[in-house]
2 protein chains.
Amino acid sequence: MKKVLLTGATGFIGRHCLRALADRGYEVHAVSSREANSREAVANVVWRRADVLDRAQTFALVESVRPTHLLHLAWYAVPGRYWTSTENFRWVESGLNLLQAFAGVGGRRVVAAGTCAEYEWGDDAPCSESKTPPRPATLYGACKHAAHVMLEAYAAQERLSAAWGRLFFLYGPWEHPSRLVASVTRSLLRGEAARCSSGRQVRDFLYAEDVASAFVALLDSEVEGAVNVASGRGVTLKEVVEKVGEKVGRPDLIEFGALPSPKGEPGVLVADVSRLRDEVGWRPRYDLDAGLDRTIEWWRGAL
Amino acid sequence: MKKVLLTGATGFIGRHCLRALADRGYEVHAVSSREANSREAVANVVWRRADVLDRAQTFALVESVRPTHLLHLAWYAVPGRYWTSTENFRWVESGLNLLQAFAGVGGRRVVAAGTCAEYEWGDDAPCSESKTPPRPATLYGACKHAAHVMLEAYAAQERLSAAWGRLFFLYGPWEHPSRLVASVTRSLLRGEAARCSSGRQVRDFLYAEDVASAFVALLDSEVEGAVNVASGRGVTLKEVVEKVGEKVGRPDLIEFGALPSPKGEPGVLVADVSRLRDEVGWRPRYDLDAGLDRTIEWWRGAL
C-alpha cells in the first residue's frame with residue numbers, strides 16, 4: 001500500500017495533487033493548518049489538520065499517519081514578501097523536522113518543491129539541473145537551495161529515495177489575485193485597466209494542474225535529485241498578457257509600460273525539461289492556450 | 001568601539017580566539033553553555049552563559065550584548081558522530097537565529113566557521129573557494145554548506161558584511177583525545193602502542209592557535225564570502241604521526257596498517273589559501289614542527 005503525506009494540500013499546487021495522487025492508487029493524507037472549509041472532498045483523501053511549523057505537531061502527525069511517501073509542497077508564499085522574508089528560515093526548519101519524522105517511521109520516498117530561483121541567473125540558456133550552477137540571488141532561493149542540499153545528504157545517509165522538483169512559473173485556478181495571470185484576468189473581466197511592465201522578460205509557464213500532475217508523476221517514479229518542473233518553452237510576459245486580452249476580448253484595457261520592470265530579475269528564465277520528459281516520462285496536458293482558457297473560465301465563475 | 005560576540009568560546013578554536021580578539025582591540029563577549037570553570041580569564045573578555053540552541057536565549061543574549069561583530073564558531077563536534085548526526089540540523093537553526101538577532105541589533109560584520117567537507121571530494125587539486133564546486137558528501141558538510149548559502153543571501157539582503165572561514169584539519173592543545181594528533185601523542189607519552197591506518201591520505205593541517213588567529217584576522221578584515229582557513233601545504237597522515245613519534249622519542253610504538261583506512265574519504269584534501277594570504281593578508285606563525293612541539297609539550301603537562 002502506498003500511503004502519501006501531502007503538505008500544502010490547500011495550496012495552489014497541492015489542491016490539484018489530491019485527485020492525481022488518488023488516481024495513482026495512493027491513500028492520501030492531506031495536511032493543512034487551515035479550517036475544514038478550505039478542504040476539497042476527494043475519494044481516498046483523509047484530511048489532517050496540523051501546523052507543520054510546529055515540531056511536536058509534525059512528529060505527532062507523521063507518527064500517526066506512518067506514510068510510505070512524502071510530497072512536501074508547503075512553504076511561505078505571500079506575494080511580494082516571500083523573496084525576502086525570514087519566514088523562509090522557518091520553512092527550512094519545518095522541512096528538516098518533517099524529514100526526520102518521515103525517516104523515523106520508515107518512509108521510503110520523498111519529493112519536495114524547489115525553485116528556479118536556486119539557479120544562477122543571467123545566462124539566457126535553459127536552466128539545467130546538471131549544468132547550471134546553483135547560485136541563488138534571493139533569500140527565498142537560498143533557503144530552498146539550502147533545504148535541497150540537506151535533503152540530498154540526509155536521504156543518501158538514511159537510504160531514502162528523494163527528488164526535488166524545481167518550479168518555474170505557474171498559473172491557473174486558485175492563483176493569488178495579485179500574481180500576473182490572475183491579476184490581469186480579473187482586471188479585464190471586470191472591465192478595468194490592467195497596468196503592466198513592458199513585459200519583455202521571457203519565462204517558462206506551466207498550468208497549475210500540470211504542475212501538480214508532474215509532481216505526482218515524479219513522486220511515483222524512482223528518479224532522484226533535482227528535476228525541473230516546467231514546460232521547457234519560453235514566452236514573454238507580454239505574449240501571455242496579450243493572449244489573456246484576446247481571450248477575454250478586452251486587449252484595449254492593457255497598458256504595457258505603465259509599471260517599471262522589476263530590478264534584478266533575469267531577462268530569460270526557461271527550464272531544460274529533459275529529465276522530466278525523458279526520465280520521469282511526463283508531458284504536459286495543457287499548452288498555454290488551453291491553460292489560459294481554463295483559467296479565465298474559472299475566474300469568470302469565481303468573480 | 002568594536003564589540004564582538006564569540007560563540008563556541010570554550011571550544012578547540014574559540015578558546016584561542018579570546019586573546020587574539022582582545023589584542024586587536026575588541027570588547028569580547030564570550031558565550032558558552034558550560035559551567036564557569038571551563039572559562040579562561042582574559043582581560044577585556046566578558047563571559048556570557050547561554051545556550052545558543054535555544055531561540056529565546058539567543059535573542060536575549062544578542063539584545064543584551066548588542067555586538068557590532070559576530071564570530072560564530074559553535075557547532076556540534078563530537079568525534080565519530082558529527083558527520084552523520086541530526087544535531088547538525090539544530091546548529092543550522094541556531095545559526096539562523098543568531099544571524100537574525102544580530103541583524104536586529106544593527107550588527108555590521110559576521111564571520112562563521114565552514115568546512116572543507118563542503119567541497120566536492122575526489123579531485124586531488126587544492127580546494128579553491130571559486131573553482132571547486134560545493135558538493136558535500138556528508139550530512140555535516142551539507143548542513144555547513146546550507147548554513148553558508150543562507151548566510152550569504154541574508155547578509156546581502158540585510159547589508160551585513162559576511163565571511164565564511166572553511167576549516168581543514170587542525171591540531172593543538174585541548175584537542176579531543178580521540179582525534180588523530182591528540183590520540184597518538186597521548187599514547188606515545190604513556191608508552192602505549194599507537195594503532196594507525198596506513199596513513200597515505202594527504203591532508204592540510206594548521207595549528208589551532210593559528211586557526212584562531214586566522215579567523216580573527218578574517219573578522220577584522222573586510223573580505224567577504226568563503227575563505228579557506230588552512231596552511232596550503234599537504235602532508236600525509238603517516239608523516240604527521242612519524243613526526244610525533246620522533247619528537248616524543250617513541251617511533252617504535254607506532255603501528256601503521258593496524259587499523260583499516262576509513263572509506264569514502266578523499267585521498268588528498270588540501271586548501272588553496274590564496275584568499276587568506278593575499279586578501280586577508282594572513283600567514284601562519286607555526287609550521288608543522290613548531291605546532292607539534294607545542295602540542296606535545298601541552299599534553300605532557302595535561303596528562
# chains A, B, ... in the order shown; residues from 1 in each chain; ligands from 1
$ select_by_dssp --residues "segment 106-303 of chain A" --states "alpha helix (DSSP H)" --output "PyMOL selection string"
chain A and resi 139-158+180-189+208-219+237-248+274+288-302
$ residues_around --residues "Ala258 of chain B" --least-positions-apart "4" --cutoff "6 Å" --atoms "only C-alpha atoms" --output "PyMOL selection string"
chain B and resi 195-197
$ write_last_selection --atoms "N, CA, C and O atoms" --output "PDB file, in the first residue's frame"
ATOM      1  N   ARG B 195      47.925   2.624  17.388  1.00  0.00           N
ATOM      2  CA  ARG B 195      47.454   1.873  16.220  1.00  0.00           C
ATOM      3  C   ARG B 195      46.888   2.850  15.197  1.00  0.00           C
ATOM      4  O   ARG B 195      46.014   3.644  15.510  1.00  0.00           O
ATOM      5  N   CYS B 196      47.408   2.796  13.966  1.00  0.00           N
ATOM      6  CA  CYS B 196      47.027   3.748  12.921  1.00  0.00           C
ATOM      7  C   CYS B 196      46.635   2.995  11.658  1.00  0.00           C
ATOM      8  O   CYS B 196      46.918   1.809  11.510  1.00  0.00           O
ATOM      9  N   SER B 197      45.978   3.718  10.735  1.00  0.00           N
ATOM     10  CA  SER B 197      45.758   3.181   9.398  1.00  0.00           C
ATOM     11  C   SER B 197      47.072   3.328   8.619  1.00  0.00           C
ATOM     12  O   SER B 197      48.092   3.704   9.184  1.00  0.00           O
TER      13      SER B 197
END
$ residues_around --residues "Gly191 of chain A" --least-positions-apart "6" --cutoff "12 Å" --atoms "only C-alpha atoms" --output "list in words"
Val184, Thr185, Gly245, Val248, Gly249, Arg250, Pro251, Asp252, Leu253 and Ile254 of chain A
$ residues_around --residues "Arg66 of chain A" --least-positions-apart "6" --cutoff "8 Å" --atoms "only C-alpha atoms" --output "PyMOL selection string"
chain A and resi 3+102+105-107
$ write_last_selection --atoms "C-alpha atoms" --output "CSV table (one decimal), in the first residue's frame"
chain,number,residue,atom,x,y,z
A,3,LYS,CA,0.4,6.0,1.6
A,102,PHE,CA,9.4,10.6,8.0
A,105,VAL,CA,8.7,5.8,10.7
A,106,GLY,CA,10.4,4.0,7.8
A,107,GLY,CA,9.3,6.3,5.0
$ select_by_dssp --residues "segment 87-264 of chain A" --states "strand (DSSP E or B)" --output "compact mmCIF listing (two decimals) with N, CA and C atoms, in the first residue's frame"
# COMPACT_ATOMS: atom_id res chain seq x y z
N ARG A 109 10.09 7.26 0.19
CA ARG A 109 10.28 8.13 -0.97
C ARG A 109 9.76 9.53 -0.65
N VAL A 110 10.58 10.53 -0.88
CA VAL A 110 10.18 11.91 -0.60
C VAL A 110 10.43 12.79 -1.83
N VAL A 111 9.45 13.63 -2.11
CA VAL A 111 9.61 14.65 -3.15
C VAL A 111 9.20 15.98 -2.54
N ALA A 112 10.02 17.01 -2.77
CA ALA A 112 9.69 18.34 -2.25
C ALA A 112 9.88 19.37 -3.34
N ALA A 113 9.33 20.56 -3.08
CA ALA A 113 9.32 21.61 -4.10
C ALA A 113 10.49 22.56 -3.95
N GLY A 114 11.28 22.66 -5.00
CA GLY A 114 12.34 23.66 -5.10
C GLY A 114 11.92 24.76 -6.07
N THR A 115 12.87 25.51 -6.57
CA THR A 115 12.54 26.68 -7.37
C THR A 115 13.64 27.03 -8.38
N TYR A 119 18.88 28.61 -9.16
CA TYR A 119 19.91 28.67 -10.20
C TYR A 119 20.57 30.04 -10.27
N CYS A 127 17.82 26.56 -18.00
CA CYS A 127 18.42 26.09 -16.75
C CYS A 127 18.45 24.57 -16.73
N PRO A 134 24.03 26.20 -9.02
CA PRO A 134 23.13 26.83 -8.06
C PRO A 134 23.82 28.07 -7.49
N SER A 161 14.73 7.42 -0.82
CA SER A 161 14.74 7.85 -2.21
C SER A 161 14.16 9.27 -2.25
N ALA A 162 14.87 10.20 -2.90
CA ALA A 162 14.47 11.61 -2.81
C ALA A 162 14.60 12.33 -4.15
N ALA A 163 13.62 13.15 -4.45
CA ALA A 163 13.72 14.04 -5.61
C ALA A 163 13.25 15.43 -5.22
N TRP A 164 13.64 16.40 -6.03
CA TRP A 164 13.44 17.81 -5.73
C TRP A 164 12.95 18.49 -7.00
N GLY A 165 11.65 18.80 -7.02
CA GLY A 165 11.05 19.38 -8.23
C GLY A 165 11.21 20.89 -8.25
N ARG A 166 11.95 21.40 -9.21
CA ARG A 166 12.19 22.86 -9.26
C ARG A 166 11.12 23.55 -10.09
N LEU A 167 10.32 24.35 -9.41
CA LEU A 167 9.23 25.10 -10.03
C LEU A 167 9.74 26.30 -10.80
N PHE A 169 7.41 29.03 -13.52
CA PHE A 169 6.27 29.95 -13.37
C PHE A 169 4.99 29.17 -13.61
N LEU A 170 3.97 29.52 -12.84
CA LEU A 170 2.74 28.76 -12.98
C LEU A 170 1.55 29.71 -12.90
N TYR A 171 0.42 29.19 -13.33
CA TYR A 171 -0.82 29.98 -13.36
C TYR A 171 -1.95 28.97 -13.36
N ALA A 194 -5.56 47.04 -17.02
CA ALA A 194 -4.51 46.16 -16.48
C ALA A 194 -3.17 46.82 -16.73
N ARG A 195 -2.58 47.37 -15.67
CA ARG A 195 -1.31 48.09 -15.79
C ARG A 195 -0.17 47.08 -15.68
N VAL A 202 11.37 36.87 -20.59
CA VAL A 202 10.95 35.56 -21.11
C VAL A 202 10.89 34.57 -19.95
N ARG A 203 9.75 33.90 -19.81
CA ARG A 203 9.54 32.99 -18.69
C ARG A 203 8.98 31.66 -19.18
N ASP A 204 9.03 30.68 -18.29
CA ASP A 204 8.55 29.34 -18.61
C ASP A 204 7.30 29.09 -17.75
N PHE A 205 6.14 29.06 -18.38
CA PHE A 205 4.87 28.92 -17.66
C PHE A 205 4.29 27.52 -17.80
N LEU A 206 3.78 27.02 -16.71
CA LEU A 206 3.09 25.71 -16.75
C LEU A 206 1.78 25.85 -15.96
N TYR A 207 0.75 25.28 -16.50
CA TYR A 207 -0.58 25.31 -15.88
C TYR A 207 -0.56 24.53 -14.56
N GLY A 225 17.16 13.28 -7.16
CA GLY A 225 17.86 14.54 -7.36
C GLY A 225 16.94 15.63 -7.88
N ALA A 226 17.55 16.72 -8.35
CA ALA A 226 16.77 17.87 -8.82
C ALA A 226 16.18 17.60 -10.19
N VAL A 227 14.92 17.96 -10.37
CA VAL A 227 14.21 17.79 -11.65
C VAL A 227 13.40 19.07 -11.90
N ASN A 228 13.67 19.75 -13.00
CA ASN A 228 12.87 20.93 -13.33
C ASN A 228 11.43 20.53 -13.64
N VAL A 229 10.48 21.28 -13.06
CA VAL A 229 9.06 21.04 -13.33
C VAL A 229 8.56 22.27 -14.08
N GLY A 234 9.84 29.01 -23.61
CA GLY A 234 9.89 30.39 -23.16
C GLY A 234 8.83 31.22 -23.84
N VAL A 235 8.25 32.15 -23.10
CA VAL A 235 7.26 33.07 -23.65
C VAL A 235 7.45 34.41 -22.95
N THR A 236 7.28 35.50 -23.68
CA THR A 236 7.42 36.78 -22.98
C THR A 236 6.17 37.03 -22.15
N ILE A 254 -5.27 46.82 -21.71
CA ILE A 254 -3.91 46.51 -21.26
C ILE A 254 -2.99 47.70 -21.48
N GLU A 255 -2.28 48.09 -20.44
CA GLU A 255 -1.35 49.24 -20.55
C GLU A 255 0.08 48.78 -20.30
$ interface_residues --of "chain B" --to "chain A" --cutoff "10 Å" --atoms "only C-alpha atoms" --output "MDAnalysis selection string"
chainID B and resid 84:86 88:90 92:93 96:97 100 133:158
$ closest_residue --among "B:Glu35, B:Trp47, B:Leu292, B:Leu219" --to "Arg108 of chain B" --atoms "only C-alpha atoms"
B:Leu219
$ closest_residue --among "B:Leu6, B:His176, B:Ser221, B:Arg81" --to "Val45 of chain B" --atoms "only C-alpha atoms"
B:Leu6
$ closest_residue --among "B:Asp220, B:Glu175, B:Glu265, B:Glu192" --to "Ala22 of chain B" --atoms "only C-alpha atoms"
B:Asp220
$ residues_around --residues "segment 279-286 of chain B" --least-positions-apart "4" --cutoff "8 Å" --atoms "only C-alpha atoms" --output "PDB file with N, CA, C and O atoms, in the first residue's frame"
ATOM      1  N   TYR B 207      47.827  24.553  12.958  1.00  0.00           N
ATOM      2  CA  TYR B 207      47.862  24.581  14.427  1.00  0.00           C
ATOM      3  C   TYR B 207      46.681  25.420  14.940  1.00  0.00           C
ATOM      4  O   TYR B 207      46.393  26.499  14.402  1.00  0.00           O
ATOM      5  N   ASP B 210      46.883  29.100  15.344  1.00  0.00           N
ATOM      6  CA  ASP B 210      46.920  29.775  14.044  1.00  0.00           C
ATOM      7  C   ASP B 210      45.524  29.839  13.420  1.00  0.00           C
ATOM      8  O   ASP B 210      45.156  30.839  12.795  1.00  0.00           O
ATOM      9  N   ALA B 214      43.775  33.234  12.360  1.00  0.00           N
ATOM     10  CA  ALA B 214      43.273  33.471  11.003  1.00  0.00           C
ATOM     11  C   ALA B 214      41.808  33.915  11.042  1.00  0.00           C
ATOM     12  O   ALA B 214      41.409  34.834  10.310  1.00  0.00           O
ATOM     13  N   ALA B 217      41.751  37.495  12.183  1.00  0.00           N
ATOM     14  CA  ALA B 217      42.212  38.377  11.095  1.00  0.00           C
ATOM     15  C   ALA B 217      41.106  38.533  10.047  1.00  0.00           C
ATOM     16  O   ALA B 217      40.878  39.633   9.524  1.00  0.00           O
ATOM     17  N   LEU B 218      40.427  37.432   9.738  1.00  0.00           N
ATOM     18  CA  LEU B 218      39.338  37.478   8.756  1.00  0.00           C
ATOM     19  C   LEU B 218      38.205  38.377   9.261  1.00  0.00           C
ATOM     20  O   LEU B 218      37.687  39.220   8.527  1.00  0.00           O
ATOM     21  N   SER B 221      38.989  41.973   8.927  1.00  0.00           N
ATOM     22  CA  SER B 221      39.159  42.445   7.547  1.00  0.00           C
ATOM     23  C   SER B 221      37.798  42.784   6.968  1.00  0.00           C
ATOM     24  O   SER B 221      36.772  42.674   7.645  1.00  0.00           O
ATOM     25  N   VAL B 223      37.058  41.290   3.958  1.00  0.00           N
ATOM     26  CA  VAL B 223      36.931  40.244   2.939  1.00  0.00           C
ATOM     27  C   VAL B 223      35.599  39.515   3.125  1.00  0.00           C
ATOM     28  O   VAL B 223      35.231  39.169   4.246  1.00  0.00           O
ATOM     29  N   SER B 231      46.709  25.738   5.944  1.00  0.00           N
ATOM     30  CA  SER B 231      48.127  26.056   5.728  1.00  0.00           C
ATOM     31  C   SER B 231      48.464  26.136   4.247  1.00  0.00           C
ATOM     32  O   SER B 231      49.468  26.761   3.877  1.00  0.00           O
ATOM     33  N   SER B 274      45.126  31.164  -1.246  1.00  0.00           N
ATOM     34  CA  SER B 274      45.490  32.484  -1.791  1.00  0.00           C
ATOM     35  C   SER B 274      44.583  33.599  -1.262  1.00  0.00           C
ATOM     36  O   SER B 274      45.061  34.710  -1.042  1.00  0.00           O
ATOM     37  N   ARG B 275      43.303  33.319  -1.028  1.00  0.00           N
ATOM     38  CA  ARG B 275      42.445  34.387  -0.492  1.00  0.00           C
ATOM     39  C   ARG B 275      42.909  34.797   0.907  1.00  0.00           C
ATOM     40  O   ARG B 275      42.997  35.975   1.226  1.00  0.00           O
ATOM     41  N   ALA B 290      56.838  23.254  14.584  1.00  0.00           N
ATOM     42  CA  ALA B 290      56.661  24.119  15.757  1.00  0.00           C
ATOM     43  C   ALA B 290      55.318  23.841  16.441  1.00  0.00           C
ATOM     44  O   ALA B 290      55.231  23.807  17.678  1.00  0.00           O
ATOM     45  N   GLY B 291      54.308  23.611  15.629  1.00  0.00           N
ATOM     46  CA  GLY B 291      52.983  23.332  16.194  1.00  0.00           C
ATOM     47  C   GLY B 291      52.953  22.021  16.949  1.00  0.00           C
ATOM     48  O   GLY B 291      52.392  21.936  18.053  1.00  0.00           O
TER      49      GLY B 291
END
$ residues_around --residues "segment 55-60 of chain A" --least-positions-apart "6" --cutoff "8 Å" --atoms "only C-alpha atoms" --output "list of chain:residue names"
A:Ser94, A:Asn97, A:Leu98, A:Ala101
